$ cat protein-v2.cif   # mmCIF, C-alpha atoms and all ligand atoms
data_work
#
loop_
_atom_site.label_atom_id
_atom_site.label_comp_id
_atom_site.auth_asym_id
_atom_site.auth_seq_id
_atom_site.Cartn_x
_atom_site.Cartn_y
_atom_site.Cartn_z
CA MET A 1 157.72 37.69 71.91
CA ALA A 2 154.86 39.48 70.16
CA ASP A 3 155.28 40.06 66.38
CA TYR A 4 152.39 42.48 66.07
CA LYS A 5 151.18 45.32 68.30
CA CYS A 6 147.66 43.83 68.55
CA GLU A 7 149.12 40.74 70.26
CA LYS A 8 150.18 42.96 73.17
CA VAL A 9 146.73 44.51 73.63
CA LEU A 10 145.15 42.46 76.40
CA PRO A 11 141.59 42.56 77.74
CA TYR A 12 142.66 42.61 81.41
CA ASP A 13 145.80 43.53 83.29
CA ASN A 14 146.42 40.13 84.80
CA GLN A 15 149.20 37.59 84.52
CA LYS A 16 147.42 35.28 82.07
CA GLY A 17 148.26 35.01 78.36
CA LYS A 18 146.12 36.70 75.69
CA THR A 19 144.27 33.49 74.73
CA GLU A 20 143.07 32.89 78.30
CA GLN A 21 142.12 36.55 78.80
CA VAL A 22 140.16 36.63 75.54
CA GLU A 23 138.33 33.44 76.52
CA GLN A 24 137.48 34.96 79.92
CA MET A 25 136.28 38.23 78.35
CA PHE A 26 133.97 36.50 75.85
CA ASP A 27 132.66 34.18 78.58
CA ASN A 28 131.82 37.35 80.57
CA ILE A 29 129.97 39.12 77.75
CA ALA A 30 128.40 36.13 75.94
CA GLY A 31 124.86 36.94 77.14
CA GLN A 32 125.00 40.49 75.79
CA TYR A 33 127.24 39.86 72.75
CA ASP A 34 124.58 39.65 70.01
CA PRO A 35 122.62 42.82 70.94
CA MET A 36 125.88 44.73 71.61
CA ASN A 37 127.31 43.62 68.26
CA ARG A 38 124.19 44.75 66.39
CA LEU A 39 124.03 48.07 68.24
CA MET A 40 127.73 48.93 67.96
CA SER A 41 127.97 48.08 64.27
CA LEU A 42 124.65 49.92 63.71
CA GLY A 43 123.36 46.71 62.13
CA ASN A 44 126.17 46.60 59.56
CA ASP A 45 127.72 43.35 60.86
CA ARG A 46 125.07 41.32 59.01
CA THR A 47 125.69 43.12 55.72
CA TRP A 48 129.46 42.67 56.05
CA ARG A 49 129.09 38.90 56.64
CA LYS A 50 126.71 38.70 53.66
CA LYS A 51 129.26 40.38 51.37
CA ALA A 52 132.01 38.02 52.54
CA ILE A 53 129.77 35.00 51.88
CA GLU A 54 128.94 36.36 48.42
CA ALA A 55 132.66 36.27 47.57
CA LEU A 56 132.80 32.55 48.41
CA LYS A 57 130.01 31.62 45.99
CA SER A 58 132.43 31.29 43.06
CA ILE A 59 134.19 28.31 44.69
CA ALA A 60 130.92 26.68 45.96
CA PRO A 61 132.59 25.38 49.14
CA GLN A 62 131.20 22.09 50.49
CA ARG A 63 133.30 21.86 53.67
CA ILE A 64 133.50 25.11 55.64
CA LEU A 65 135.17 25.95 58.93
CA ASP A 66 134.18 29.15 60.76
CA VAL A 67 136.92 29.99 63.25
CA ALA A 68 136.27 32.27 66.24
CA THR A 69 132.62 31.55 65.50
CA GLY A 70 131.36 33.05 68.80
CA THR A 71 127.58 32.77 68.82
CA GLY A 72 127.66 31.34 65.29
CA ASP A 73 126.30 34.22 63.18
CA PHE A 74 128.81 33.80 60.33
CA ALA A 75 128.34 30.01 60.28
CA ILE A 76 124.53 30.39 60.26
CA ALA A 77 124.55 32.96 57.44
CA ALA A 78 127.01 30.87 55.37
CA GLN A 79 125.01 27.69 55.94
CA LYS A 80 121.80 29.35 54.74
CA GLU A 81 123.39 30.99 51.70
CA LEU A 82 125.97 28.41 50.53
CA LYS A 83 124.30 25.19 51.73
CA PRO A 84 127.55 23.27 52.21
CA GLN A 85 127.60 19.55 53.10
CA GLU A 86 129.55 20.32 56.25
CA MET A 87 129.79 23.43 58.44
CA ILE A 88 131.84 23.49 61.63
CA GLY A 89 132.29 26.49 63.94
CA ILE A 90 134.99 26.58 66.62
CA ASP A 91 135.59 29.02 69.45
CA LEU A 92 137.55 29.37 72.70
CA SER A 93 134.56 30.54 74.72
CA GLU A 94 132.15 27.85 75.95
CA LYS A 95 129.64 30.54 76.93
CA MET A 96 129.57 32.07 73.42
CA LEU A 97 129.12 28.55 72.00
CA GLU A 98 126.23 27.90 74.42
CA VAL A 99 124.41 30.98 73.10
CA GLY A 100 125.18 29.80 69.56
CA LYS A 101 123.83 26.29 70.20
CA LYS A 102 120.56 27.72 71.51
CA LYS A 103 120.26 29.79 68.32
CA LEU A 104 120.87 26.71 66.18
CA GLN A 105 118.13 24.88 68.06
CA SER A 106 115.61 27.66 67.59
CA LEU A 107 116.48 27.90 63.88
CA GLY A 108 116.32 24.14 63.36
CA LEU A 109 119.99 24.09 62.28
CA SER A 110 121.48 21.87 65.00
CA ASP A 111 121.92 19.00 62.51
CA SER A 112 123.58 21.12 59.81
CA ILE A 113 126.08 23.11 61.90
CA THR A 114 128.48 21.71 64.51
CA LEU A 115 129.77 24.15 67.13
CA GLN A 116 132.72 23.01 69.21
CA LYS A 117 135.47 24.33 71.46
CA GLY A 118 138.81 24.94 69.77
CA ASP A 119 141.73 27.33 69.46
CA SER A 120 142.20 28.91 66.02
CA THR A 121 145.96 29.12 66.56
CA ALA A 122 146.21 25.32 67.05
CA LEU A 123 143.50 23.75 64.90
CA ASP A 124 142.54 20.16 65.53
CA PHE A 125 141.96 19.31 61.84
CA GLU A 126 144.15 17.69 59.20
CA GLU A 127 145.81 19.56 56.35
CA GLY A 128 143.56 20.39 53.38
CA ARG A 129 140.37 19.42 55.25
CA PHE A 130 138.27 22.45 54.19
CA ASP A 131 137.27 24.25 50.98
CA ALA A 132 136.74 27.52 52.83
CA VAL A 133 137.54 29.05 56.21
CA THR A 134 135.63 32.08 57.45
CA VAL A 135 136.48 34.45 60.34
CA ALA A 136 134.55 37.52 61.42
CA PHE A 137 136.05 39.90 63.98
CA GLY A 138 138.24 37.13 65.38
CA VAL A 139 141.82 37.49 64.08
CA ARG A 140 142.41 40.70 66.09
CA ASN A 141 142.11 38.58 69.24
CA PHE A 142 144.70 35.92 68.34
CA GLU A 143 147.65 35.60 70.69
CA SER A 144 149.80 34.96 67.61
CA LEU A 145 148.34 36.37 64.41
CA ARG A 146 150.92 34.58 62.24
CA LYS A 147 150.15 31.21 63.86
CA GLY A 148 146.40 31.69 63.46
CA LEU A 149 146.64 32.64 59.77
CA SER A 150 149.11 29.80 59.09
CA GLU A 151 146.72 27.34 60.71
CA ILE A 152 143.84 28.63 58.56
CA ASN A 153 146.06 28.14 55.50
CA ARG A 154 147.10 24.65 56.60
CA VAL A 155 143.55 23.30 56.95
CA LEU A 156 142.49 24.69 53.54
CA ARG A 157 142.80 22.59 50.38
CA LYS A 158 144.82 24.07 47.51
CA GLY A 159 142.54 26.53 45.70
CA GLY A 160 140.39 26.91 48.81
CA ALA A 161 139.69 30.38 50.24
CA ALA A 162 139.77 32.24 53.52
CA ALA A 163 137.17 34.99 53.95
CA ILE A 164 138.34 37.24 56.78
CA LEU A 165 136.40 40.21 58.11
CA GLU A 166 137.99 42.52 60.65
CA LEU A 167 137.08 45.89 62.10
CA SER A 168 139.37 48.71 61.01
CA GLU A 169 139.98 52.43 61.37
CA PRO A 170 139.01 54.66 58.43
CA THR A 171 142.00 56.33 56.72
CA ASN A 172 140.06 59.37 55.43
CA PRO A 173 140.61 62.06 58.14
CA ILE A 174 136.95 63.16 58.21
CA TYR A 175 135.64 59.59 58.58
CA LYS A 176 138.40 58.92 61.11
CA LEU A 177 137.23 61.82 63.26
CA GLY A 178 133.63 60.52 63.19
CA TYR A 179 134.93 57.03 64.04
CA LYS A 180 136.98 58.35 66.99
CA ILE A 181 133.98 60.25 68.40
CA TYR A 182 131.88 57.11 68.01
CA THR A 183 134.38 54.71 69.63
CA ASP A 184 135.56 57.07 72.40
CA CYS A 185 132.19 58.60 73.38
CA ILE A 186 129.25 56.50 72.13
CA ILE A 187 130.52 52.91 72.56
CA PRO A 188 131.37 53.39 76.28
CA ILE A 189 127.77 54.59 76.85
CA PHE A 190 126.35 51.49 75.10
CA ALA A 191 128.78 49.34 77.10
CA ARG A 192 127.66 50.83 80.42
CA LEU A 193 124.01 50.36 79.48
CA LEU A 194 124.23 46.80 78.19
CA SER A 195 127.33 45.11 79.53
CA LYS A 196 128.70 44.07 82.90
CA ASP A 197 132.24 44.05 81.53
CA THR A 198 133.03 47.60 80.38
CA ARG A 199 136.74 46.77 79.89
CA ALA A 200 135.65 44.53 76.98
CA TYR A 201 134.52 47.61 75.10
CA SER A 202 137.67 49.66 75.65
CA TYR A 203 139.67 46.60 74.53
CA LEU A 204 137.69 46.81 71.26
CA PRO A 205 139.00 50.18 69.93
CA ASP A 206 142.47 49.54 71.44
CA SER A 207 142.82 46.26 69.58
CA ILE A 208 141.42 47.68 66.32
CA GLU A 209 143.96 50.52 66.44
CA ALA A 210 146.82 48.07 66.99
CA PHE A 211 145.83 45.63 64.21
CA PRO A 212 148.00 45.47 61.04
CA GLU A 213 145.51 46.60 58.41
CA GLY A 214 145.45 46.62 54.62
CA GLU A 215 148.77 46.00 52.84
CA GLU A 216 150.51 44.89 56.05
CA MET A 217 147.86 42.21 56.63
CA LYS A 218 148.05 41.21 52.94
CA LYS A 219 151.84 40.78 53.22
CA LEU A 220 151.37 38.57 56.28
CA LEU A 221 148.71 36.44 54.54
CA LEU A 222 151.11 35.89 51.62
CA GLU A 223 153.89 34.94 54.07
CA CYS A 224 151.49 32.45 55.70
CA GLY A 225 151.13 30.55 52.42
CA PHE A 226 148.26 32.23 50.53
CA SER A 227 148.93 32.81 46.84
CA GLN A 228 146.47 35.62 46.13
CA VAL A 229 144.90 38.21 48.45
CA THR A 230 142.20 40.77 47.65
CA ILE A 231 141.29 43.58 50.08
CA ARG A 232 137.99 45.42 50.20
CA GLN A 233 136.72 48.02 52.63
CA PHE A 234 133.14 48.43 53.81
CA THR A 235 131.25 51.31 55.50
CA PHE A 236 133.81 54.13 55.29
CA GLY A 237 136.67 51.73 56.05
CA THR A 238 135.31 50.63 59.43
CA CYS A 239 135.42 47.01 58.28
CA SER A 240 138.09 45.39 56.09
CA PHE A 241 137.57 42.22 54.11
CA TYR A 242 140.47 39.98 53.09
CA TYR A 243 139.76 37.27 50.53
CA ALA A 244 142.77 34.98 50.41
CA ILE A 245 143.20 31.99 48.09
CA LYS A 246 145.57 29.14 48.97
C1 LIG A 301 134.10 39.47 68.31
S1 LIG A 301 133.69 37.78 68.50
C2 LIG A 301 133.18 37.35 66.86
C3 LIG A 301 132.18 36.25 66.83
C4 LIG A 301 131.60 35.91 65.47
N1 LIG A 301 132.63 35.49 64.54
C5 LIG A 301 130.77 37.01 64.87
O1 LIG A 301 130.80 37.18 63.65
O2 LIG A 301 130.02 37.67 65.60
C6 LIG A 301 135.30 37.06 68.58
C7 LIG A 301 135.28 35.61 68.96
O3 LIG A 301 136.58 35.07 68.71
C8 LIG A 301 136.84 34.10 69.68
N2 LIG A 301 138.29 33.86 69.68
C9 LIG A 301 139.28 34.75 69.90
N3 LIG A 301 140.47 34.17 69.80
C10 LIG A 301 140.24 32.87 69.47
C11 LIG A 301 141.08 31.75 69.23
N4 LIG A 301 142.41 31.83 69.31
N5 LIG A 301 140.49 30.59 68.91
C12 LIG A 301 139.13 30.46 68.85
N6 LIG A 301 138.30 31.48 69.11
C13 LIG A 301 138.84 32.67 69.40
C14 LIG A 301 136.30 34.69 70.96
O4 LIG A 301 136.09 33.74 71.97
C15 LIG A 301 135.00 35.33 70.44
O5 LIG A 301 133.90 34.45 70.56
#
$ encode --input "protein-v2.cif" --output "structure tokens" --more "lines below"
Ligand SMILES: C[S@@+](CC[C@H](N)C(=O)[O-])C[C@H]1O[C@@H](n2cnc3c(N)ncnc32)[C@H](O)[C@@H]1O
Amino acid sequence: MADYKCEKVLPYDNQKGKTEQVEQMFDNIAGQYDPMNRLMSLGNDRTWRKKAIEALKSIAPQRILDVATGTGDFAIAAQKELKPQEMIGIDLSEKMLEVGKKKLQSLGLSDSITLQKGDSTALDFEEGRFDAVTVAFGVRNFESLRKGLSEINRVLRKGGAAAILELSEPTNPIYKLGYKIYTDCIIPIFARLLSKDTRAYSYLPDSIEAFPEGEEMKKLLLECGFSQVTIRQFTFGTCSFYYAIK
């Protein structure tokens, strides 16, 4: 049974579970993901990742795991900025990882970042393995949010930190109206122009709306074993940042 509304928001109306549907959707859109991401966030996705990485500087993490790494943008930015000894990115979608591996090759980073297939809700790493775990725009897609966050907590060492970025709806009514016009009218136009899978871009606002934001997410992070959680909002509240210490 789903604990959170976002777990019931599925990309397609078929009989498969959320994990399989999410994998299928990202396999479908992998080729267009990077330009779509840049266009839909109006270039802000890079700034948001940068701010999240900035927060990690105080713990100087040497072993970092980027879950739901997709095409590897968070892992690449963190590798460049934090220069850890080890950086691993995992994702469900082989096709997203393929795009990511090509990027690593062209940037000369194939030896410093490992990208591999894996499910964030059942991590194949031992307890306390990492100093930091990063996730950008991934947790909203988890079949079980509680399981995914508990797994992130499990693989962190004590004192390690999770830096979680997720898209959110602004609470200010004026910004919210602008956001609604943007997601309901503009994003579908971009999707039709750039993507073969238009359902992927109606799943986006549906899953953002259903995600437990702010204090509700903080409460869940504390229940999943984190001892301290700080929340920040970026760009009129369209992106939320959770910095959680184990
Ligand atoms: C919106 S993309 C974000 C990619 C990347 N983090 C970024 O900053 O652009 C979400 C990614 O999460 C992955 N994902 C969703 N659920 C996952 C899970 N349970 N385990 C691993 N990856 C998952 C999807 O395959 C997809 O590549």
$ closest_residue --input "protein-v2.cif" --among "A:Leu149, A:Ala132, A:Leu167, A:Leu221" --to "Leu204 (chain A)" --atoms "all atoms listed in the file"
A:Leu167
$ closest_residue --input "protein-v2.cif" --among "A:Gln79, A:Ser150, A:Ile189, A:Pro205" --to "Glu223 (chain A)" --atoms "all atoms listed in the file"
A:Ser150
$ residues_near_ligand --input "protein-v2.cif" --ligand "ligand LIG 301 (chain A)" --cutoff "7 Å" --atoms "only C-alpha atoms and all ligand atoms" --output "PyMOL selection string"
chain A and resi 19+22-23+26+67-74+90-93+96+118-121+135-139+141-143
$ atom_distance --input "protein-v2.cif" --atom1 "CA of Phe236 (chain A)" --atom2 "CA of Ser41 (chain A)"
12.3 Å
$ closest_residue --input "protein-v2.cif" --among "A:Leu104, A:Ile186, A:Ala200, A:Ile231" --to "Met217 (chain A)" --atoms "all atoms listed in the file"
A:Ile231
$ closest_residue --input "protein-v2.cif" --among "A:Leu194, A:Ile88, A:Ala162, A:Ala55" --to "Gly31 (chain A)" --atoms "only C-alpha atoms"
A:Leu194
$ residues_near_point --input "protein-v2.cif" --point "(123.7, 48.5, 67.8)" --cutoff "12 Å" --atoms "all atoms listed in the file" --output "PDB file with C-alpha atoms, in the frame of the given file"
ATOM      1  CA  GLN A  32     125.000  40.490  75.790  1.00  0.00           C
ATOM      2  CA  TYR A  33     127.240  39.860  72.750  1.00  0.00           C
ATOM      3  CA  ASP A  34     124.580  39.650  70.010  1.00  0.00           C
ATOM      4  CA  PRO A  35     122.620  42.820  70.940  1.00  0.00           C
ATOM      5  CA  MET A  36     125.880  44.730  71.610  1.00  0.00           C
ATOM      6  CA  ASN A  37     127.310  43.620  68.260  1.00  0.00           C
ATOM      7  CA  ARG A  38     124.190  44.750  66.390  1.00  0.00           C
ATOM      8  CA  LEU A  39     124.030  48.070  68.240  1.00  0.00           C
ATOM      9  CA  MET A  40     127.730  48.930  67.960  1.00  0.00           C
ATOM     10  CA  SER A  41     127.970  48.080  64.270  1.00  0.00           C
ATOM     11  CA  LEU A  42     124.650  49.920  63.710  1.00  0.00           C
ATOM     12  CA  GLY A  43     123.360  46.710  62.130  1.00  0.00           C
ATOM     13  CA  ASN A  44     126.170  46.600  59.560  1.00  0.00           C
ATOM     14  CA  ASP A  45     127.720  43.350  60.860  1.00  0.00           C
ATOM     15  CA  ARG A  46     125.070  41.320  59.010  1.00  0.00           C
ATOM     16  CA  TYR A 182     131.880  57.110  68.010  1.00  0.00           C
ATOM     17  CA  ILE A 186     129.250  56.500  72.130  1.00  0.00           C
ATOM     18  CA  ILE A 187     130.520  52.910  72.560  1.00  0.00           C
ATOM     19  CA  ILE A 189     127.770  54.590  76.850  1.00  0.00           C
ATOM     20  CA  PHE A 190     126.350  51.490  75.100  1.00  0.00           C
ATOM     21  CA  ALA A 191     128.780  49.340  77.100  1.00  0.00           C
ATOM     22  CA  LEU A 193     124.010  50.360  79.480  1.00  0.00           C
ATOM     23  CA  LEU A 194     124.230  46.800  78.190  1.00  0.00           C
TER      24      LEU A 194
END
$ closest_residue --input "protein-v2.cif" --among "A:Thr47, A:Thr235, A:Ser207, A:Ser195" --to "Tyr4 (chain A)" --atoms "only C-alpha atoms"
A:Ser207
$ residues_around --input "protein-v2.cif" --residues "Trp48 (chain A)" --least-positions-apart "4" --cutoff "8 Å" --atoms "only C-alpha atoms" --output "NGL selection string"
:A and (44 or 52 or 165 or 234 or 239)
$ residues_near_point --input "protein-v2.cif" --point "(141.3, 40.7, 81.9)" --cutoff "9 Å" --atoms "all atoms listed in the file" --output "ChimeraX atom specification"
/A:10-16,18,20-22,24-25,199-200
$ atom_distance --input "protein-v2.cif" --atom1 "CA of Leu115 (chain A)" --atom2 "CA of Val9 (chain A)"
27.3 Å
$ atom_distance --input "protein-v2.cif" --atom1 "CA of Ile59 (chain A)" --atom2 "CA of Lys103 (chain A)"
27.5 Å
$ decode --input "protein-v2.cif" --residues "region 200-221 of chain A" --atoms "N, CA and C atoms" --output "compact mmCIF listing (two decimals), in the first residue's frame"
# COMPACT_ATOMS: atom_id res chain seq x y z
N ALA A 200 5.39 11.73 -20.32
CA ALA A 200 6.46 11.98 -19.35
C ALA A 200 6.36 13.40 -18.78
N TYR A 201 5.87 14.33 -19.59
CA TYR A 201 5.84 15.71 -19.13
C TYR A 201 4.50 16.11 -18.52
N SER A 202 3.51 15.23 -18.53
CA SER A 202 2.34 15.50 -17.69
C SER A 202 2.53 14.78 -16.36
N TYR A 203 3.32 13.69 -16.39
CA TYR A 203 3.69 13.01 -15.14
C TYR A 203 4.45 13.97 -14.23
N LEU A 204 5.26 14.85 -14.86
CA LEU A 204 6.12 15.77 -14.09
C LEU A 204 5.30 16.66 -13.14
N PRO A 205 4.37 17.52 -13.65
CA PRO A 205 3.61 18.34 -12.69
C PRO A 205 2.73 17.52 -11.76
N ASP A 206 2.19 16.38 -12.25
CA ASP A 206 1.32 15.54 -11.39
C ASP A 206 2.12 15.02 -10.19
N SER A 207 3.35 14.58 -10.46
CA SER A 207 4.13 14.00 -9.36
C SER A 207 4.68 15.09 -8.44
N ILE A 208 4.93 16.28 -8.97
CA ILE A 208 5.39 17.38 -8.10
C ILE A 208 4.26 17.76 -7.14
N GLU A 209 3.05 17.86 -7.69
CA GLU A 209 1.90 18.25 -6.86
C GLU A 209 1.66 17.25 -5.72
N ALA A 210 1.91 15.97 -6.02
CA ALA A 210 1.60 14.92 -5.03
C ALA A 210 2.74 14.69 -4.02
N PHE A 211 3.87 15.35 -4.19
CA PHE A 211 5.04 15.07 -3.34
C PHE A 211 4.91 15.75 -1.97
N PRO A 212 5.27 15.06 -0.88
CA PRO A 212 5.19 15.68 0.46
C PRO A 212 6.32 16.70 0.67
N GLU A 213 5.99 17.96 0.55
CA GLU A 213 7.03 19.00 0.57
C GLU A 213 7.28 19.54 1.97
N GLY A 214 8.37 20.25 2.11
CA GLY A 214 8.66 21.05 3.31
C GLY A 214 8.67 20.24 4.60
N GLU A 215 7.84 20.68 5.56
CA GLU A 215 7.85 20.08 6.90
C GLU A 215 7.48 18.60 6.87
N GLU A 216 6.60 18.22 5.94
CA GLU A 216 6.19 16.80 5.86
C GLU A 216 7.39 15.94 5.45
N MET A 217 8.16 16.44 4.48
CA MET A 217 9.35 15.73 4.02
C MET A 217 10.40 15.71 5.15
N LYS A 218 10.53 16.81 5.87
CA LYS A 218 11.49 16.88 6.99
C LYS A 218 11.14 15.83 8.05
N LYS A 219 9.85 15.73 8.36
CA LYS A 219 9.38 14.75 9.37
C LYS A 219 9.76 13.33 8.92
N LEU A 220 9.55 13.06 7.62
CA LEU A 220 9.86 11.73 7.10
C LEU A 220 11.37 11.46 7.17
N LEU A 221 12.17 12.47 6.83
CA LEU A 221 13.64 12.29 6.88
C LEU A 221 14.08 11.98 8.32
